[in-house]
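Here is the structure we will look at.
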Amino acid sequence: MSYKPSALRLQREAARRRVSRHSTLVALISTLAIGAVLSIVVSGAPGFKLVRESFFNAHYARTAFPNVLSGLWLNLRVMILAEIFVLIFGLLIALARTSKSAILYPLRLLATIYTDIFRGLPLLLVLLLVGLGIPGLQLSWLPNSAVVLGTISLILTYSAYVAEVIRAGIEAVNPAQRMAGRALGLTQTQTQRVVILPQALRKVTPPLLNDLVSLQKDSGLISVLGAIDAIRAAGIETAQSFNFTPYLVAGALFVALTIPLTRFTDWLTRKQDRARVQQGQW
Amino acid sequence: MKKKYGIAVVVAALLGSLSVAVTGTAANAASSCKAGGLPTLATGTITIGTDDPAYSPWFDNNKPADGKGFESAIAYAVAKQLGYPASKVKWVKAAFNTVIQPGKKAFDFDINEVSITPERAKAVDFSSGYYDVAQALVTTTKSKIAKAKSIADLTNSKLGAAVGTTSYLTITNIIKPKAKPSVFDTNDIATQSLINGQIDGLVLDLPTAFYVSAAALKNGLIIGQFAPKAGSEQFGLVLGKGSALTSCISTAVDALRANGTLKRLAATWLGNTAGAPVLK
């Protein structure tokens, strides 16, 4: 005997389809309407021609592109180097802050002071202090390149953010997990490494990647020290022509750079959710 | 109210172009520039913009309204020429990006050491130039280029300039050093970088170079200036694209040049800038 859906069920499904068709239609109409209103308002604005000319000028986009791209190459190198060190230092600081033993108290105190200061200090200030203050000491063995000092400033600031995110992850792991690990005969360190950290890091992957995306954009701030990154290259082009299109070119390149990372974050989060549903944790 | 004002502008512009067409001289265009009655932002007063901070020797102590410093003096002279006494001059702060942005400006004209180029003139209006400027290279006696005598001696140096300046173009187009130049937001940061030895030299316009080497640096030194043909680079007043005031203000600047006021003010506020050798 083959399965035959009841009349009631067919009716219910038809109703559902009707509602779905209806909402698609409504969504389509409202999108079109809002799009039309926006385009009329924007293109009808008295300054629209001027704005289009100064922000969306194909000629200046083409001439600025090579310089902005070579500036972006600097951003890329800085952000990758900074991201590696930020993850390492962030993890170390988080471990120091969450340590429990009495003998490590000074370390805990230092880590707390460090995160307090560098999370509170605006990045621009750190850049100026490190980038102009350190070479001001005139010690020949210290670096004085704007790029190196700028990267150090980024690492100093972002390590504090990332440390707090990782600490939150560690503290979100149920204390019973630690006890269970100890009860199984693992040492304190082993428990930390194979029980706590894997769970903690999994919990904070999305906010962690969020911080890294933010770091990618802030890598442009090292230009205050004189390095020519994508934004500064665009600024130079803009100053020559008084046309803002180069900034838009730089913006588009930055978006192109961060989209892969944000997509990756989304994908990772979804994968974790699915895994958790399968494990019956929800 | 607004409409009347618009008609007045059109009539003024028509009269202006008519008189030019009839007599063919620019001098008569000034007849439409009614003293103290131009279509300014606020009727009866003229609003002048400049950046904050406003640097010496162009301004004095970041106070544009005190009439001291070359550009402050020029601004008041232009206003006076147009029939606005000092009491009818209003200053507003205008950052560089707001000066060059499209659309309405918050000032009637801006004075902020902006060099006139044909490319820039597509986005804003410029008055006639009020100052012929040359670029110069500043360093310290400790720097490795302190003894440089020619452009060839600078090939291996790391140079800096402020963003938005033609000084940067002097590095990339004339000096052409091997190392990529450093580009700073302000002359202050650039100067600190020079003091720190992070750059070997700093390119500035000549009057600023004299000021920086004397006032901001301890062992300051001007290596020399890059001599363009006279008048090849000029500072101009900036107005919104298509401003109704441009021709009147240009006429005023031309008159100040003709009667020697520009030269006199430059001598008063910028001093003698002839001492810098020309680098070739």
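By convention in this document, the chains of the structure tokens carry letters A, B, ... by their order, each chain's residues are numbered from 1, and ligands are numbered from 1 in the order they are shown.
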Could you name the residues that touch region 33-47 of chain A at 10 Å or less, counting only C-alpha atoms, but leaving out those on the same chain fewer than 5 positions away, as a list in words?
-> Ala27, Leu28, Arg52 and Glu53 of chain A; Pro102, Gly103 and Lys104 of chain B
Next, write the just-selected residues to a file, as a CSV table (one decimal), in the first residue's frame, keeping N, CA and C atoms as the atom set.
```
chain,number,residue,atom,x,y,z
A,27,ALA,N,8.1,40.6,-1.1
A,27,ALA,CA,9.5,41.0,-0.9
A,27,ALA,C,10.0,41.6,-2.2
A,28,LEU,N,9.6,41.0,-3.3
A,28,LEU,CA,10.1,41.5,-4.6
A,28,LEU,C,9.6,43.0,-4.8
A,52,ARG,N,28.8,62.0,-8.7
A,52,ARG,CA,29.2,60.9,-9.5
A,52,ARG,C,30.6,61.2,-10.2
A,53,GLU,N,30.8,62.4,-10.5
A,53,GLU,CA,32.0,62.8,-11.2
A,53,GLU,C,33.2,62.7,-10.2
B,102,PRO,N,33.3,67.7,-3.5
B,102,PRO,CA,32.3,68.3,-4.3
B,102,PRO,C,31.2,69.0,-3.5
B,103,GLY,N,30.4,69.8,-4.2
B,103,GLY,CA,29.2,70.4,-3.5
B,103,GLY,C,29.5,71.7,-2.8
B,104,LYS,N,28.5,72.1,-2.0
B,104,LYS,CA,28.6,73.4,-1.4
B,104,LYS,C,29.7,73.5,-0.4
```
Any idea which chain B residues end up within 10 Å of chain A if we count only C-alpha atoms, as an MDAnalysis selection string please?
-> chainID B and resid 96:97 99:104 115 117:124 160:166 168:169 180:186 189:190 192:199 241
Nearest to Thr205 (chain A): which of A:Val147, A:Leu268, A:Ala7, A:Leu221 is it, counting only C-alpha atoms?
->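 Closest candidate: A:Leu268.
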Spatial neighbours of region 251-254 of chain A, max dist 9 Å, only C-alpha atoms, sep filter under 4 positions, as a list in words = Val68, Leu69, Leu72, Gln216, Lys217, Ala230, Ile231, Pro246, Tyr247, Thr258 and Ile259 of chain A
I need the chosen residues saved as an mmCIF file, in the first residue's frame, with N, CA and C atoms.
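Result file follows (again.cif):
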```cif
data_model
loop_
_atom_site.group_PDB
_atom_site.id
_atom_site.type_symbol
_atom_site.label_atom_id
_atom_site.label_comp_id
_atom_site.auth_asym_id
_atom_site.auth_seq_id
_atom_site.Cartn_x
_atom_site.Cartn_y
_atom_site.Cartn_z
ATOM 1 N N VAL A 68 47.321 52.126 -5.836
ATOM 2 C CA VAL A 68 46.540 51.659 -4.686
ATOM 3 C C VAL A 68 46.809 50.180 -4.458
ATOM 4 N N LEU A 69 46.921 49.432 -5.551
ATOM 5 C CA LEU A 69 47.172 47.991 -5.441
ATOM 6 C C LEU A 69 48.534 47.739 -4.806
ATOM 7 N N LEU A 72 48.218 48.214 -1.276
ATOM 8 C CA LEU A 72 47.507 47.106 -0.637
ATOM 9 C C LEU A 72 48.454 45.943 -0.333
ATOM 10 N N GLN A 216 42.681 43.745 9.824
ATOM 11 C CA GLN A 216 43.002 43.949 8.405
ATOM 12 C C GLN A 216 42.740 45.388 7.996
ATOM 13 N N LYS A 217 41.604 45.919 8.433
ATOM 14 C CA LYS A 217 41.279 47.285 8.041
ATOM 15 C C LYS A 217 42.178 48.289 8.753
ATOM 16 N N ALA A 230 47.432 51.257 1.065
ATOM 17 C CA ALA A 230 46.423 51.476 0.018
ATOM 18 C C ALA A 230 45.686 52.798 0.215
ATOM 19 N N ILE A 231 45.301 53.094 1.474
ATOM 20 C CA ILE A 231 44.534 54.317 1.734
ATOM 21 C C ILE A 231 45.396 55.553 1.470
ATOM 22 N N PRO A 246 39.829 57.461 -6.134
ATOM 23 C CA PRO A 246 40.847 56.528 -5.646
ATOM 24 C C PRO A 246 40.500 55.920 -4.280
ATOM 25 N N TYR A 247 39.843 56.717 -3.393
ATOM 26 C CA TYR A 247 39.447 56.166 -2.092
ATOM 27 C C TYR A 247 38.464 55.017 -2.265
ATOM 28 N N THR A 258 38.423 41.330 2.722
ATOM 29 C CA THR A 258 37.814 40.822 3.959
ATOM 30 C C THR A 258 36.695 39.832 3.684
ATOM 31 N N ILE A 259 36.070 39.898 2.503
ATOM 32 C CA ILE A 259 34.954 38.991 2.231
ATOM 33 C C ILE A 259 35.350 37.512 2.368
#
```
Would you please extract all strand (DSSP E or B) residues from region 14-159 of chain B, as assigned by DSSP on the backbone, and give them as a ChimeraX atom specification?
-> /B:46-50,89-93,109-110,115,125-132,135-140,159
Would you mind listing what lies within 10 Å of Ala160 (chain A) as a list of chain:residue names, with only C-alpha atoms counted and same-chain residues fewer than 2 positions away left out?
-> A:Val86, A:Phe89, A:Gly90, A:Leu91, A:Ile93, A:Ala94, A:Ala111, A:Thr112, A:Tyr114, A:Thr115, A:Asp116, A:Ile117, A:Phe118, A:Arg119, A:Gly120, A:Ile155, A:Leu156, A:Thr157, A:Tyr158, A:Val162, A:Ala163, A:Glu164, A:Val165
Same residues, C-alpha atoms, output as a PDB file, in the first residue's frame:
```
ATOM      1  CA  VAL A  86      48.510  38.575  17.690  1.00  0.00           C
ATOM      2  CA  PHE A  89      50.520  36.713  22.171  1.00  0.00           C
ATOM      3  CA  GLY A  90      46.763  36.802  22.690  1.00  0.00           C
ATOM      4  CA  LEU A  91      46.776  33.130  23.645  1.00  0.00           C
ATOM      5  CA  ILE A  93      48.148  36.571  27.728  1.00  0.00           C
ATOM      6  CA  ALA A  94      44.806  34.774  28.059  1.00  0.00           C
ATOM      7  CA  ALA A 111      48.511  40.466  31.965  1.00  0.00           C
ATOM      8  CA  THR A 112      45.571  42.302  33.531  1.00  0.00           C
ATOM      9  CA  TYR A 114      48.464  45.039  29.883  1.00  0.00           C
ATOM     10  CA  THR A 115      44.975  44.291  28.577  1.00  0.00           C
ATOM     11  CA  ASP A 116      43.519  47.202  30.532  1.00  0.00           C
ATOM     12  CA  ILE A 117      45.979  49.663  29.047  1.00  0.00           C
ATOM     13  CA  PHE A 118      46.113  48.489  25.457  1.00  0.00           C
ATOM     14  CA  ARG A 119      42.384  47.918  25.129  1.00  0.00           C
ATOM     15  CA  GLY A 120      41.791  51.427  26.411  1.00  0.00           C
ATOM     16  CA  ILE A 155      50.304  43.652  17.543  1.00  0.00           C
ATOM     17  CA  LEU A 156      50.386  45.438  20.922  1.00  0.00           C
ATOM     18  CA  THR A 157      46.806  46.686  20.596  1.00  0.00           C
ATOM     19  CA  TYR A 158      45.180  43.678  19.003  1.00  0.00           C
ATOM     20  CA  VAL A 162      42.298  38.825  21.243  1.00  0.00           C
ATOM     21  CA  ALA A 163      43.508  37.872  24.733  1.00  0.00           C
ATOM     22  CA  GLU A 164      40.168  38.956  26.177  1.00  0.00           C
ATOM     23  CA  VAL A 165      38.239  36.984  23.576  1.00  0.00           C
TER      24      VAL A 165
END
```
Write out as an MDAnalysis selection string each polymer residue whose atoms come within 8 Å of Glu71 (chain B), counting only C-alpha atoms; drop sequence neighbours fewer than 4 positions from it.
-> chainID B and resid 58:59 75 111:112
Check the smallest atom-to-atom distance from each of A:Ile152, A:Ala275, A:Ile166, A:Leu124 to Leu208 (chain A) using only C-alpha atoms, then report the winner.
->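 Of all the options, A:Ile166 lies closest to Leu208 (chain A).
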Might you pull out every residue within 6 Å of region 135-151 of chain B, with only C-alpha atoms counted and same-chain residues fewer than 6 positions away left off, and present them as a CSV table (one decimal) with N, CA and C atoms, in the first residue's frame?
```csv
chain,number,residue,atom,x,y,z
B,175,ILE,N,63.3,64.6,-7.9
B,175,ILE,CA,64.5,64.0,-7.1
B,175,ILE,C,64.6,62.5,-7.5
B,200,ASP,N,65.6,60.9,5.9
B,200,ASP,CA,66.9,61.7,5.8
B,200,ASP,C,66.6,63.2,5.5
B,201,GLY,N,65.5,63.4,4.8
B,201,GLY,CA,65.2,64.8,4.5
B,201,GLY,C,63.7,65.0,4.2
B,202,LEU,N,63.3,66.2,4.3
B,202,LEU,CA,61.8,66.6,4.2
B,202,LEU,C,61.7,67.6,3.1
B,203,VAL,N,60.7,67.4,2.2
B,203,VAL,CA,60.5,68.4,1.1
B,203,VAL,C,59.3,69.2,1.5
B,204,LEU,N,59.5,70.6,1.5
B,204,LEU,CA,58.4,71.5,1.9
B,204,LEU,C,58.4,72.7,0.9
B,205,ASP,N,57.4,73.5,0.9
B,205,ASP,CA,57.5,74.7,0.2
B,205,ASP,C,58.5,75.6,0.9
B,206,LEU,N,59.2,76.5,0.1
B,206,LEU,CA,60.3,77.2,0.6
B,206,LEU,C,60.1,78.0,1.8
B,219,ASN,N,69.1,71.4,14.6
B,219,ASN,CA,70.2,71.5,13.7
B,219,ASN,C,69.7,71.6,12.3
B,220,GLY,N,68.7,72.4,12.1
B,220,GLY,CA,68.0,72.4,10.8
B,220,GLY,C,68.9,73.0,9.7
B,221,LEU,N,68.6,72.6,8.5
B,221,LEU,CA,69.5,72.9,7.4
B,221,LEU,C,68.7,72.9,6.1
B,222,ILE,N,68.8,73.9,5.3
B,222,ILE,CA,68.1,73.8,4.0
B,222,ILE,C,69.1,73.4,2.9
B,223,ILE,N,69.0,72.2,2.3
B,223,ILE,CA,69.9,71.8,1.3
B,223,ILE,C,69.8,72.7,0.1
B,224,GLY,N,68.6,73.0,-0.3
B,224,GLY,CA,68.5,73.8,-1.4
B,224,GLY,C,67.0,73.8,-1.9
B,225,GLN,N,66.8,74.6,-3.0
B,225,GLN,CA,65.4,74.6,-3.5
B,225,GLN,C,65.4,74.0,-5.0
B,226,PHE,N,64.3,73.7,-5.4
B,226,PHE,CA,64.2,73.1,-6.7
B,226,PHE,C,63.5,74.2,-7.6
B,279,LEU,N,69.1,73.5,-6.5
B,279,LEU,CA,69.6,72.2,-6.7
B,279,LEU,C,69.4,71.8,-8.2
B,280,LYS,N,70.4,71.2,-8.8
B,280,LYS,CA,70.2,70.7,-10.2
B,280,LYS,C,70.5,69.3,-10.3
```
May I have the residues within 7 Å of Leu127 (chain A) as an MDAnalysis selection string, using only C-alpha atoms and disregarding those fewer than 5 positions away in the same chain?
-> chainID A and resid 150 153 222
CA of Lys178 (chain B) and CA of Leu154 (chain B) are how many Å apart?
->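 Separation between CA of Lys178 (chain B) and CA of Leu154 (chain B): 9.0 Å.
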Could you work out how far CA of Ala94 (chain B) lies from CA of Ala54 (chain B), giving the answer in Å with one decimal?
-> 10.2 Å
Quick one, how far is CA of Gly220 (chain A) from CA of Pro122 (chain A)?
->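 Between these atoms lies a distance of 14.5 Å.
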Going by DSSP on the backbone, which bits of region 136-253 of chain A are helix (DSSP H, G or I)? Write them as JSON, numbers by chain, please.
-> {"A": [136, 146, 147, 148, 149, 150, 151, 152, 153, 154, 155, 156, 157, 158, 159, 160, 161, 162, 163, 164, 165, 166, 167, 168, 169, 170, 171, 172, 175, 176, 177, 178, 179, 180, 181, 182, 183, 188, 189, 190, 191, 192, 193, 194, 195, 196, 197, 198, 199, 200, 201, 202, 203, 204, 205, 206, 207, 208, 209, 210, 211, 212, 213, 214, 215, 216, 217, 218, 219, 220, 221, 222, 223, 224, 225, 230, 231, 232, 233, 234, 235, 236, 237, 238, 239, 240, 241, 245, 246, 247, 248, 249, 250, 251, 252, 253]}
